[in-house]
>>> print(open('data.txt').read())   # compact mmCIF, N, CA and C atoms
# COMPACT_ATOMS: atom_id res chain seq x y z
N MET X 14 -5.07 -13.99 -23.02
CA MET X 14 -4.13 -13.56 -22.00
C MET X 14 -3.56 -12.18 -22.31
N ALA X 15 -3.20 -11.94 -23.57
CA ALA X 15 -2.61 -10.66 -23.93
C ALA X 15 -3.59 -9.51 -23.72
N LEU X 16 -4.86 -9.78 -24.00
CA LEU X 16 -5.86 -8.73 -23.85
C LEU X 16 -6.10 -8.40 -22.38
N VAL X 17 -6.25 -9.42 -21.54
CA VAL X 17 -6.45 -9.16 -20.11
C VAL X 17 -5.21 -8.51 -19.51
N ARG X 18 -4.06 -8.88 -19.99
CA ARG X 18 -2.81 -8.24 -19.52
C ARG X 18 -2.83 -6.75 -19.83
N ALA X 19 -3.16 -6.41 -21.06
CA ALA X 19 -3.22 -5.01 -21.46
C ALA X 19 -4.27 -4.25 -20.66
N GLU X 20 -5.42 -4.88 -20.42
CA GLU X 20 -6.48 -4.24 -19.64
C GLU X 20 -6.04 -3.99 -18.20
N LEU X 21 -5.38 -4.97 -17.61
CA LEU X 21 -4.91 -4.81 -16.23
C LEU X 21 -3.83 -3.74 -16.13
N ILE X 22 -2.96 -3.69 -17.10
CA ILE X 22 -1.94 -2.64 -17.11
C ILE X 22 -2.62 -1.28 -17.24
N ARG X 23 -3.60 -1.19 -18.11
CA ARG X 23 -4.34 0.06 -18.28
C ARG X 23 -5.02 0.47 -16.96
N ASP X 24 -5.67 -0.49 -16.30
CA ASP X 24 -6.48 -0.19 -15.12
C ASP X 24 -5.65 -0.06 -13.84
N GLU X 25 -4.62 -0.86 -13.71
CA GLU X 25 -3.80 -0.85 -12.49
C GLU X 25 -2.60 0.10 -12.63
N GLY X 26 -2.10 0.23 -13.85
CA GLY X 26 -0.86 0.95 -14.06
C GLY X 26 0.32 0.05 -13.76
N VAL X 27 1.49 0.52 -14.08
CA VAL X 27 2.74 -0.21 -13.80
C VAL X 27 3.56 0.66 -12.87
N ARG X 28 3.80 0.18 -11.68
CA ARG X 28 4.58 0.93 -10.69
C ARG X 28 5.82 0.12 -10.36
N LEU X 29 6.97 0.67 -10.63
CA LEU X 29 8.23 -0.05 -10.45
C LEU X 29 8.82 0.11 -9.06
N ARG X 30 8.17 0.90 -8.25
CA ARG X 30 8.59 1.05 -6.85
C ARG X 30 7.39 0.75 -5.97
N PRO X 31 7.63 0.18 -4.79
CA PRO X 31 6.51 -0.13 -3.89
C PRO X 31 5.73 1.13 -3.53
N TYR X 32 4.43 0.96 -3.38
CA TYR X 32 3.56 2.06 -2.96
C TYR X 32 2.43 1.47 -2.12
N VAL X 33 1.75 2.31 -1.40
CA VAL X 33 0.60 1.88 -0.62
C VAL X 33 -0.64 2.19 -1.44
N ASP X 34 -1.46 1.15 -1.71
CA ASP X 34 -2.64 1.34 -2.55
C ASP X 34 -3.80 1.92 -1.74
N ALA X 35 -4.94 2.08 -2.39
CA ALA X 35 -6.11 2.70 -1.77
C ALA X 35 -6.62 1.90 -0.57
N ALA X 36 -6.34 0.60 -0.53
CA ALA X 36 -6.76 -0.25 0.59
C ALA X 36 -5.71 -0.30 1.69
N GLY X 37 -4.61 0.45 1.54
CA GLY X 37 -3.56 0.46 2.54
C GLY X 37 -2.58 -0.69 2.44
N LYS X 38 -2.55 -1.37 1.27
CA LYS X 38 -1.68 -2.52 1.07
C LYS X 38 -0.42 -2.11 0.31
N LEU X 39 0.71 -2.63 0.75
CA LEU X 39 1.96 -2.40 0.03
C LEU X 39 1.86 -3.15 -1.30
N THR X 40 2.07 -2.42 -2.39
CA THR X 40 1.81 -2.94 -3.74
C THR X 40 2.98 -2.57 -4.64
N ILE X 41 3.18 -3.37 -5.70
CA ILE X 41 4.22 -3.08 -6.69
C ILE X 41 3.79 -3.66 -8.03
N GLY X 42 4.46 -3.21 -9.08
CA GLY X 42 4.20 -3.76 -10.40
C GLY X 42 2.82 -3.41 -10.90
N VAL X 43 2.10 -4.40 -11.37
CA VAL X 43 0.74 -4.23 -11.86
C VAL X 43 -0.20 -4.77 -10.78
N GLY X 44 -0.36 -3.99 -9.71
CA GLY X 44 -1.30 -4.34 -8.66
C GLY X 44 -0.91 -5.53 -7.80
N ARG X 45 0.38 -5.89 -7.73
CA ARG X 45 0.79 -7.03 -6.89
C ARG X 45 0.73 -6.61 -5.44
N ASN X 46 -0.16 -7.23 -4.68
CA ASN X 46 -0.37 -6.96 -3.27
C ASN X 46 0.73 -7.67 -2.48
N LEU X 47 1.77 -6.94 -2.14
CA LEU X 47 2.87 -7.52 -1.38
C LEU X 47 2.48 -7.81 0.06
N SER X 48 1.61 -7.01 0.61
CA SER X 48 1.20 -7.18 2.01
C SER X 48 0.58 -8.55 2.24
N ASP X 49 -0.29 -8.98 1.34
CA ASP X 49 -1.00 -10.25 1.52
C ASP X 49 -0.41 -11.41 0.73
N CYS X 50 0.14 -11.11 -0.45
CA CYS X 50 0.59 -12.18 -1.34
C CYS X 50 2.10 -12.36 -1.38
N GLY X 51 2.84 -11.28 -1.12
CA GLY X 51 4.30 -11.38 -1.21
C GLY X 51 4.73 -11.74 -2.62
N ILE X 52 5.82 -12.48 -2.72
CA ILE X 52 6.29 -12.99 -4.00
C ILE X 52 6.61 -14.47 -3.83
N THR X 53 6.72 -15.18 -4.94
CA THR X 53 7.04 -16.60 -4.90
C THR X 53 8.56 -16.80 -4.83
N ASP X 54 8.97 -18.01 -4.52
CA ASP X 54 10.40 -18.33 -4.54
C ASP X 54 10.98 -18.07 -5.93
N ASP X 55 10.26 -18.49 -6.97
CA ASP X 55 10.75 -18.27 -8.34
C ASP X 55 10.93 -16.79 -8.64
N GLU X 56 9.97 -15.97 -8.19
CA GLU X 56 10.08 -14.53 -8.42
C GLU X 56 11.27 -13.95 -7.66
N ALA X 57 11.47 -14.39 -6.43
CA ALA X 57 12.61 -13.90 -5.64
C ALA X 57 13.93 -14.25 -6.33
N LEU X 58 14.04 -15.48 -6.85
CA LEU X 58 15.27 -15.89 -7.52
C LEU X 58 15.45 -15.18 -8.86
N PHE X 59 14.35 -14.90 -9.55
CA PHE X 59 14.41 -14.12 -10.78
C PHE X 59 14.96 -12.72 -10.50
N LEU X 60 14.45 -12.08 -9.44
CA LEU X 60 14.94 -10.76 -9.05
C LEU X 60 16.42 -10.84 -8.64
N LEU X 61 16.78 -11.87 -7.89
CA LEU X 61 18.18 -12.04 -7.47
C LEU X 61 19.10 -12.16 -8.68
N ASP X 62 18.72 -12.99 -9.65
CA ASP X 62 19.55 -13.15 -10.85
C ASP X 62 19.73 -11.81 -11.57
N ASN X 63 18.64 -11.04 -11.67
CA ASN X 63 18.75 -9.71 -12.30
C ASN X 63 19.67 -8.81 -11.50
N ASP X 64 19.58 -8.87 -10.17
CA ASP X 64 20.43 -8.03 -9.32
C ASP X 64 21.90 -8.44 -9.44
N ILE X 65 22.17 -9.73 -9.51
CA ILE X 65 23.56 -10.20 -9.67
C ILE X 65 24.13 -9.68 -10.99
N ARG X 66 23.32 -9.75 -12.06
CA ARG X 66 23.78 -9.21 -13.36
C ARG X 66 24.06 -7.71 -13.26
N ALA X 67 23.20 -6.98 -12.57
CA ALA X 67 23.39 -5.53 -12.43
C ALA X 67 24.66 -5.22 -11.64
N VAL X 68 24.91 -5.95 -10.56
CA VAL X 68 26.11 -5.74 -9.75
C VAL X 68 27.35 -6.09 -10.57
N SER X 69 27.29 -7.18 -11.32
CA SER X 69 28.42 -7.55 -12.19
C SER X 69 28.70 -6.46 -13.20
N SER X 70 27.66 -5.87 -13.77
CA SER X 70 27.83 -4.77 -14.72
C SER X 70 28.46 -3.56 -14.06
N ASP X 71 28.04 -3.26 -12.83
CA ASP X 71 28.66 -2.15 -12.10
C ASP X 71 30.15 -2.40 -11.91
N LEU X 72 30.50 -3.62 -11.51
CA LEU X 72 31.92 -3.94 -11.31
C LEU X 72 32.67 -3.89 -12.63
N ASP X 73 32.06 -4.39 -13.70
CA ASP X 73 32.71 -4.32 -15.02
C ASP X 73 32.98 -2.87 -15.41
N ARG X 74 32.05 -2.01 -15.13
CA ARG X 74 32.17 -0.59 -15.52
C ARG X 74 33.19 0.14 -14.66
N HIS X 75 33.18 -0.11 -13.34
CA HIS X 75 34.00 0.69 -12.42
C HIS X 75 35.30 0.02 -11.99
N ALA X 76 35.36 -1.29 -12.05
CA ALA X 76 36.57 -2.02 -11.62
C ALA X 76 36.77 -3.23 -12.53
N PRO X 77 37.03 -3.01 -13.82
CA PRO X 77 37.09 -4.13 -14.76
C PRO X 77 38.13 -5.19 -14.41
N TRP X 78 39.11 -4.83 -13.61
CA TRP X 78 40.14 -5.77 -13.19
C TRP X 78 39.57 -6.90 -12.32
N TRP X 79 38.36 -6.74 -11.80
CA TRP X 79 37.78 -7.75 -10.91
C TRP X 79 37.63 -9.10 -11.61
N ARG X 80 37.48 -9.09 -12.93
CA ARG X 80 37.31 -10.34 -13.68
C ARG X 80 38.57 -11.19 -13.68
N ALA X 81 39.74 -10.58 -13.39
CA ALA X 81 41.00 -11.33 -13.34
C ALA X 81 41.21 -11.98 -11.98
N LEU X 82 40.38 -11.67 -11.01
CA LEU X 82 40.50 -12.29 -9.68
C LEU X 82 40.09 -13.75 -9.75
N SER X 83 40.51 -14.51 -8.75
CA SER X 83 40.06 -15.89 -8.67
C SER X 83 38.54 -15.92 -8.49
N GLU X 84 37.94 -17.03 -8.77
CA GLU X 84 36.49 -17.17 -8.68
C GLU X 84 35.98 -16.84 -7.27
N GLY X 85 36.69 -17.30 -6.26
CA GLY X 85 36.28 -17.02 -4.88
C GLY X 85 36.34 -15.54 -4.55
N ARG X 86 37.38 -14.86 -5.00
CA ARG X 86 37.50 -13.42 -4.75
C ARG X 86 36.47 -12.63 -5.55
N GLN X 87 36.16 -13.09 -6.74
CA GLN X 87 35.08 -12.46 -7.49
C GLN X 87 33.76 -12.58 -6.72
N ARG X 88 33.49 -13.77 -6.18
CA ARG X 88 32.25 -13.96 -5.39
C ARG X 88 32.24 -13.05 -4.18
N ALA X 89 33.39 -12.91 -3.53
CA ALA X 89 33.46 -12.05 -2.34
C ALA X 89 33.16 -10.61 -2.71
N LEU X 90 33.76 -10.11 -3.79
CA LEU X 90 33.53 -8.73 -4.20
C LEU X 90 32.09 -8.53 -4.67
N LEU X 91 31.54 -9.50 -5.36
CA LEU X 91 30.14 -9.44 -5.75
C LEU X 91 29.24 -9.39 -4.52
N ASN X 92 29.53 -10.21 -3.53
CA ASN X 92 28.73 -10.25 -2.31
C ASN X 92 28.72 -8.89 -1.62
N MET X 93 29.90 -8.31 -1.46
CA MET X 93 29.99 -7.00 -0.81
C MET X 93 29.27 -5.93 -1.62
N THR X 94 29.48 -5.95 -2.94
CA THR X 94 28.87 -4.93 -3.79
C THR X 94 27.36 -5.11 -3.84
N PHE X 95 26.89 -6.33 -3.84
CA PHE X 95 25.45 -6.60 -3.78
C PHE X 95 24.87 -6.00 -2.51
N ASN X 96 25.56 -6.19 -1.41
CA ASN X 96 25.08 -5.73 -0.12
C ASN X 96 25.09 -4.21 0.01
N MET X 97 26.13 -3.57 -0.50
CA MET X 97 26.31 -2.13 -0.28
C MET X 97 26.06 -1.27 -1.50
N GLY X 98 26.17 -1.84 -2.68
CA GLY X 98 26.11 -1.05 -3.91
C GLY X 98 27.47 -0.47 -4.25
N TRP X 99 27.68 -0.17 -5.54
CA TRP X 99 28.98 0.34 -5.97
C TRP X 99 29.38 1.64 -5.26
N PRO X 100 28.48 2.60 -5.10
CA PRO X 100 28.94 3.85 -4.46
C PRO X 100 29.59 3.62 -3.08
N ARG X 101 29.04 2.74 -2.28
CA ARG X 101 29.62 2.51 -0.95
C ARG X 101 30.87 1.64 -1.03
N ILE X 102 30.85 0.62 -1.87
CA ILE X 102 32.03 -0.25 -1.97
C ILE X 102 33.21 0.52 -2.56
N SER X 103 32.94 1.52 -3.40
CA SER X 103 34.03 2.29 -3.99
C SER X 103 34.79 3.09 -2.94
N ALA X 104 34.18 3.32 -1.79
CA ALA X 104 34.86 4.02 -0.69
C ALA X 104 35.86 3.11 0.02
N PHE X 105 35.84 1.81 -0.26
CA PHE X 105 36.80 0.87 0.33
C PHE X 105 38.08 0.91 -0.51
N THR X 106 38.66 2.09 -0.61
CA THR X 106 39.79 2.29 -1.53
C THR X 106 41.00 1.42 -1.18
N ALA X 107 41.33 1.31 0.10
CA ALA X 107 42.49 0.50 0.49
C ALA X 107 42.23 -0.97 0.21
N MET X 108 41.03 -1.45 0.50
CA MET X 108 40.71 -2.85 0.23
C MET X 108 40.76 -3.14 -1.26
N LEU X 109 40.14 -2.25 -2.05
CA LEU X 109 40.14 -2.46 -3.50
C LEU X 109 41.54 -2.41 -4.08
N ALA X 110 42.35 -1.48 -3.62
CA ALA X 110 43.74 -1.39 -4.10
C ALA X 110 44.52 -2.66 -3.74
N ALA X 111 44.33 -3.14 -2.51
CA ALA X 111 45.03 -4.35 -2.09
C ALA X 111 44.55 -5.56 -2.90
N LEU X 112 43.27 -5.64 -3.13
CA LEU X 112 42.72 -6.74 -3.91
C LEU X 112 43.27 -6.71 -5.33
N ARG X 113 43.29 -5.52 -5.91
CA ARG X 113 43.77 -5.37 -7.28
C ARG X 113 45.25 -5.72 -7.39
N SER X 114 46.04 -5.36 -6.38
CA SER X 114 47.48 -5.62 -6.44
C SER X 114 47.86 -7.03 -6.00
N GLY X 115 46.89 -7.80 -5.51
CA GLY X 115 47.18 -9.17 -5.11
C GLY X 115 47.54 -9.34 -3.65
N ASP X 116 47.44 -8.30 -2.85
CA ASP X 116 47.71 -8.40 -1.41
C ASP X 116 46.42 -8.82 -0.71
N HIS X 117 46.11 -10.09 -0.81
CA HIS X 117 44.83 -10.61 -0.33
C HIS X 117 44.69 -10.57 1.18
N ALA X 118 45.79 -10.73 1.89
CA ALA X 118 45.73 -10.64 3.35
C ALA X 118 45.33 -9.23 3.77
N LEU X 119 45.94 -8.23 3.16
CA LEU X 119 45.59 -6.84 3.49
C LEU X 119 44.15 -6.53 3.06
N ALA X 120 43.75 -6.99 1.89
CA ALA X 120 42.38 -6.75 1.42
C ALA X 120 41.38 -7.35 2.40
N SER X 121 41.67 -8.53 2.90
CA SER X 121 40.80 -9.19 3.87
C SER X 121 40.72 -8.38 5.17
N GLU X 122 41.88 -7.92 5.64
CA GLU X 122 41.91 -7.10 6.86
C GLU X 122 41.13 -5.80 6.69
N GLU X 123 41.29 -5.18 5.53
CA GLU X 123 40.57 -3.92 5.25
C GLU X 123 39.06 -4.14 5.23
N ALA X 124 38.64 -5.27 4.67
CA ALA X 124 37.20 -5.56 4.66
C ALA X 124 36.68 -5.71 6.09
N LEU X 125 37.47 -6.36 6.93
CA LEU X 125 37.04 -6.59 8.32
C LEU X 125 37.12 -5.34 9.18
N ASP X 126 37.98 -4.41 8.80
CA ASP X 126 38.15 -3.18 9.58
C ASP X 126 37.21 -2.10 9.04
N SER X 127 35.92 -2.35 9.14
CA SER X 127 34.95 -1.42 8.55
C SER X 127 33.63 -1.47 9.33
N ALA X 128 32.87 -0.42 9.17
CA ALA X 128 31.53 -0.39 9.76
C ALA X 128 30.68 -1.49 9.14
N TRP X 129 30.88 -1.76 7.85
CA TRP X 129 30.15 -2.84 7.19
C TRP X 129 30.34 -4.16 7.92
N ALA X 130 31.60 -4.49 8.24
CA ALA X 130 31.88 -5.76 8.92
C ALA X 130 31.20 -5.81 10.29
N ARG X 131 31.20 -4.70 10.99
CA ARG X 131 30.54 -4.68 12.30
C ARG X 131 29.03 -4.84 12.16
N GLN X 132 28.49 -4.35 11.07
CA GLN X 132 27.04 -4.46 10.86
C GLN X 132 26.60 -5.84 10.43
N VAL X 133 27.39 -6.51 9.59
CA VAL X 133 26.93 -7.78 9.02
C VAL X 133 27.50 -9.01 9.72
N GLY X 134 28.44 -8.82 10.65
CA GLY X 134 28.94 -9.91 11.48
C GLY X 134 29.52 -11.10 10.73
N ALA X 135 28.86 -12.25 10.84
CA ALA X 135 29.38 -13.51 10.28
C ALA X 135 29.53 -13.43 8.76
N ARG X 136 28.68 -12.66 8.12
CA ARG X 136 28.80 -12.50 6.66
C ARG X 136 30.17 -11.91 6.33
N ALA X 137 30.59 -10.90 7.07
CA ALA X 137 31.89 -10.27 6.82
C ALA X 137 33.02 -11.27 7.02
N ALA X 138 32.92 -12.09 8.04
CA ALA X 138 33.96 -13.10 8.29
C ALA X 138 34.05 -14.07 7.11
N ARG X 139 32.92 -14.51 6.59
CA ARG X 139 32.92 -15.43 5.43
C ARG X 139 33.49 -14.77 4.19
N VAL X 140 33.09 -13.52 3.93
CA VAL X 140 33.56 -12.81 2.74
C VAL X 140 35.05 -12.53 2.86
N ALA X 141 35.51 -12.11 4.03
CA ALA X 141 36.93 -11.82 4.23
C ALA X 141 37.77 -13.09 4.06
N ALA X 142 37.25 -14.21 4.52
CA ALA X 142 37.95 -15.49 4.35
C ALA X 142 38.07 -15.84 2.87
N LEU X 143 37.03 -15.56 2.10
CA LEU X 143 37.08 -15.80 0.64
C LEU X 143 38.14 -14.91 0.00
N ILE X 144 38.19 -13.66 0.44
CA ILE X 144 39.20 -12.73 -0.10
C ILE X 144 40.60 -13.25 0.22
N ARG X 145 40.80 -13.71 1.43
CA ARG X 145 42.12 -14.16 1.86
C ARG X 145 42.56 -15.42 1.12
N ARG X 146 41.68 -16.40 1.02
CA ARG X 146 42.10 -17.70 0.47
C ARG X 146 41.74 -17.89 -0.99
N GLY X 147 40.88 -17.02 -1.52
CA GLY X 147 40.54 -17.08 -2.94
C GLY X 147 39.60 -18.18 -3.26
>>> encode(input="data.txt", output="structure tokens")
Amino acid sequence: MALVRAELIRDEGVRLRPYVDAAGKLTIGVGRNLSDCGITDDEALFLLDNDIRAVSSDLDRHAPWWRALSEGRQRALLNMTFNMGWPRISAFTAMLAALRSGDHALASEEALDSAWARQVGARAARVAALIRRG
């Protein structure tokens, strides 16, 4: 297995971003044909777990106070940051300030009063409710 793995890496290369291969197929990694094969449920959940860890690290680095929030509010902030990334969520200055200071009603209102909320609809309502009630 190790030898065939090394040979495939040598012959296919390792591409960490999707690309279109010579046959016109969307491909990633070591020749993974996303167009025809996609990914498995296990692979999707593996990627999700890695993404959740990365988002948590971003929050730890940029807003370490988030760990003192209730579990529900942590999930809400993780959800928003997962969806938008830290650079965009950092622009929610009034919401973040309200969340940090414990004004959960205002933080919830600020989350809902955004282009993000208009774009994601019911998701925003669920996340804002988590912010409000913790």
>>> closest_residue(input="data.txt", among="X:Gly85, X:Gly42, X:Gly26, X:Gly37", to="Leu143 in chain X", atoms="all atoms listed in the file")
X:Gly85
>>> select_by_dssp(input="data.txt", residues="range 48-87 of chain X", states="helix (DSSP H, G or I)", output="VMD selection string")
chain X and resid 54 to 75 77 to 81 84 to 87
>>> residues_around(input="data.txt", residues="Leu72 in chain X", least_positions_apart="6", cutoff="7 Å", atoms="all atoms listed in the file", output="count of residues only")
3
>>> residues_around(input="data.txt", residues="Leu125 in chain X", least_positions_apart="3", cutoff="8 Å", atoms="all atoms listed in the file", output="MDAnalysis selection string")
chainID X and resid 119:122 128:131 137:138 140:141
>>> closest_residue(input="data.txt", among="X:Val27, X:Leu39, X:Asp126, X:Ile144", to="Gln87 in chain X", atoms="all atoms listed in the file")
X:Ile144
>>> atom_distance(input="data.txt", atom1="atom C of Ala19 in chain X", atom2="atom C of Arg45 in chain X")
16.2 Å
>>> residues_around(input="data.txt", residues="range 103-105 of chain X", least_positions_apart="5", cutoff="8 Å", atoms="all atoms listed in the file", output="NGL selection string")
:X and (94 or 97-98 or 110-111 or 123-124)
>>> atom_distance(input="data.txt", atom1="atom C of Glu20 in chain X", atom2="atom C of Asn63 in chain X")
27.0 Å
>>> closest_residue(input="data.txt", among="X:Arg80, X:His117, X:Arg86, X:Arg66", to="Gly147 in chain X", atoms="only N, CA and C atoms")
X:Arg86
>>> atom_distance(input="data.txt", atom1="CA of His75 in chain X", atom2="CA of Arg146 in chain X")
23.9 Å
>>> residues_around(input="data.txt", residues="Asp64 in chain X", least_positions_apart="6", cutoff="10 Å", atoms="only C-alpha atoms", output="list of chain:residue names")
X:Leu58, X:Ser70, X:Phe95
>>> residues_around(input="data.txt", residues="Gly44 in chain X", least_positions_apart="3", cutoff="6.5 Å", atoms="all atoms listed in the file", output="PyMOL selection string")
chain X and resi 25-28+40-41+47
>>> select_by_dssp(input="data.txt", residues="chain X", states="strand (DSSP E or B)", output="list in words")
Arg28, Leu29, Arg30, Pro31, Tyr32, Val33, Leu39, Thr40, Ile41, Gly42, Arg45 and Asn46 of chain X
>>> closest_residue(input="data.txt", among="X:Val43, X:Gln132, X:Arg88, X:Asp62", to="Leu29 in chain X", atoms="all atoms listed in the file")
X:Val43
